[in-house]
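Before any comments, here is the structure.
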Amino acid sequence: MGFADFFSDVMSTLTYAEAQAEAPAEAEAPQEETPVKSEETEESTDDSESAEETPAEDSEEASEEGEAEAEEEEEEEEEEEEEEPEDIKPKLEEECANSSQCAPYKHHFDECIERVTRQEEDESYNGPKEDCVEEFFHLTHCATACAAPKLWRELK
Amino acid sequence: MLARSLTRVPTRAIARQSLGKSTRASSTAAGAESASSPFYLTLTASLATAAAAGSTLWYYHLYGKEAFAMTPAEEGLHPTAYPWVHERFNKTFDHAALRRGFQVYREVCASCHSLTRVPWRSFVGVMHTVDEMKAMAEEHEYDTEPNDEGEIEKRPGKLSDYIPHPTRTMKLPEPPTAGRHGGCNYVFSLLTGYPDEAPAGASVAEGMNFNPYFPGTGIAMGRVLFDGVVEYEDGTPATTSQMAKDVVEFLNWAAEPEMDDRKKMGVKAVALLTGLFAISVWVKRYKWAPIKTRKIVSASVG
């Protein structure tokens, strides 16, 4: 990485590369296929919906099939929702915040939170109002700086 | 040339002689008078040095320390430096990331933040094909030139049109590199930096959100990027930080669309200048060869 890449970049810069504003011909074939598929599924959903809406006209079997299809699609949708990606950044930063690297900042932050919540809960407290923003800054800065290279390895 | 090198040795000798003479003369002259004065001279020099040091210290005492009237909260948390690949001098933008970033801009940011200085055509060949951009431009309506009756009608967009204003316009901190200091790191940190809850005791005004990276920590814009809010067409998991990274790189492209070419031009310049330097060294050697290989013999006549 780095140094060797530099020479390959120089070579690619000096050689003449053709810029393509049009989509490459190979990529077009799968692009055409996908909309057809989606149309098919849309049609099938339309059928099942219409079957559900007018069960009196069609036979019971047809409506059952339609329901079964609808259920399957619902399940698929649920699965897709379950697959929702989870961000790794908060996890990395929490690991960093709890590591020995950020221990002093974490210690001060926790102590501050404890002190300030005690002051807020204590009604007879008349001292100066305090916040933990600075302690939060120091801890966050330490945690994000520690997590930055790890995060970039994970991201595309 | 020949004359100069011949006369060099005698003139040097003369110079040395005259220098020796003059120094001896001055030292003997000073030695006669200096018997009573060294103490005063030393005192004067010492006082001058002390005054110089004192005035410097006095200046530092008066003006040396800069006054910081702002609290860290008002200053805002300085963004963390992320290892952006496109910021390296020998790297280009990741154009797949630009394409994803534009998708994030269109689906999330574009409802409030304008990008009116960028025409549709500038995406062609960078992250989209001509047909894709034509279709995208046609989704928007633009005013025509007044017709024969002076009426302005609507027409579908063309590649030469600029990205239209959103209905609710706000000023984007874009272009990120020219905007607030911190550039890409600032925007990325801001977008991903909304904590689950503000730290204890922090005051957050009504209708504002706590974000440590925004100066004053209270920002009107709420968190907009949540995991899976966009579905990427290339299948990349659309996590908050992935979307933020892509959209920041895209905004950096919007600010510096010439960056790839600029770096290419830089390497071209380096290649040309090193080539010219190498040629000039060889030419110099060639031109100086007879002079450098010449032997000068001085022989006394008679």
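Convention: chains lettered A, B, ... in structure tokens order; per-chain residue numbering from 1; ligands numbered from 1 as shown.
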Please identify all polymer residues within 7 Å of Pro156 (chain B), counting only C-alpha atoms, omitting same-chain residues fewer than 5 positions from it, and present them as a ChimeraX atom specification. /B:138-142
Would you export the selected residues with all heavy atoms as a JSON list (two decimals), in the first residue's frame, please?
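As a result, selection-v9.json now contains:
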[["chain", "number", "residue", "atom", "x", "y", "z"],
["B", 138, "GLU", "N", -35.09, 15.32, -15.79],
["B", 138, "GLU", "CA", -36.46, 15.44, -16.29],
["B", 138, "GLU", "C", -37.51, 15.30, -15.20],
["B", 138, "GLU", "O", -38.67, 15.65, -15.39],
["B", 138, "GLU", "CB", -36.70, 14.39, -17.39],
["B", 138, "GLU", "CG", -36.15, 14.82, -18.72],
["B", 138, "GLU", "CD", -36.06, 13.68, -19.72],
["B", 138, "GLU", "OE1", -36.59, 12.58, -19.43],
["B", 138, "GLU", "OE2", -35.43, 13.88, -20.78],
["B", 139, "GLU", "N", -37.11, 14.78, -14.04],
["B", 139, "GLU", "CA", -38.05, 14.66, -12.93],
["B", 139, "GLU", "C", -38.42, 16.03, -12.37],
["B", 139, "GLU", "O", -39.39, 16.16, -11.63],
["B", 139, "GLU", "CB", -37.45, 13.81, -11.81],
["B", 139, "GLU", "CG", -37.40, 12.32, -12.13],
["B", 139, "GLU", "CD", -36.60, 11.54, -11.10],
["B", 139, "GLU", "OE1", -36.32, 12.10, -10.03],
["B", 139, "GLU", "OE2", -36.26, 10.39, -11.39],
["B", 140, "HIS", "N", -37.61, 17.04, -12.68],
["B", 140, "HIS", "CA", -37.87, 18.37, -12.13],
["B", 140, "HIS", "C", -38.36, 19.30, -13.22],
["B", 140, "HIS", "O", -38.02, 19.14, -14.38],
["B", 140, "HIS", "CB", -36.58, 18.93, -11.50],
["B", 140, "HIS", "CG", -36.09, 18.10, -10.37],
["B", 140, "HIS", "ND1", -36.45, 18.32, -9.06],
["B", 140, "HIS", "CD2", -35.27, 17.03, -10.35],
["B", 140, "HIS", "CE1", -35.89, 17.42, -8.29],
["B", 140, "HIS", "NE2", -35.15, 16.62, -9.05],
["B", 141, "GLU", "N", -39.18, 20.29, -12.81],
["B", 141, "GLU", "CA", -39.73, 21.25, -13.76],
["B", 141, "GLU", "C", -38.99, 22.57, -13.67],
["B", 141, "GLU", "O", -38.66, 23.03, -12.58],
["B", 141, "GLU", "CB", -41.22, 21.48, -13.46],
["B", 141, "GLU", "CG", -42.11, 20.38, -13.99],
["B", 141, "GLU", "CD", -43.57, 20.77, -13.93],
["B", 141, "GLU", "OE1", -43.92, 21.59, -13.06],
["B", 141, "GLU", "OE2", -44.35, 20.27, -14.76],
["B", 142, "TYR", "N", -38.77, 23.16, -14.83],
["B", 142, "TYR", "CA", -38.09, 24.45, -14.88],
["B", 142, "TYR", "C", -38.94, 25.42, -15.70],
["B", 142, "TYR", "O", -39.75, 25.00, -16.52],
["B", 142, "TYR", "CB", -36.70, 24.30, -15.51],
["B", 142, "TYR", "CG", -35.73, 23.57, -14.63],
["B", 142, "TYR", "CD1", -35.69, 22.19, -14.63],
["B", 142, "TYR", "CD2", -34.86, 24.27, -13.81],
["B", 142, "TYR", "CE1", -34.81, 21.50, -13.81],
["B", 142, "TYR", "CE2", -33.96, 23.59, -12.99],
["B", 142, "TYR", "CZ", -33.94, 22.21, -12.99],
["B", 142, "TYR", "OH", -33.07, 21.55, -12.20]]
Write out as a list in words the residues lying within 9 Å of region 134-136 of chain A, counting only C-alpha atoms and excluding same-chain residues fewer than 5 positions away. Tyr105, Lys106, His108, Phe109, Asp110, Cys112 and His141 of chain A; Thr71, Pro72, Ala73, Leu77, Pro199 and Pro212 of chain B
Chain B contacts to chain A at 8 Å (only C-alpha atoms) as a PyMOL selection string: chain B and resi 72-73+77-83+90+97+124-126+128-131+199-202+212+227-228+236-242+264+267-268
Quick one: pull the distance between CA of Trp253 (chain B) and CA of Cys184 (chain B), Å, one decimal.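 According to the coordinates, CA of Trp253 (chain B) and CA of Cys184 (chain B) are separated by 10.8 Å.
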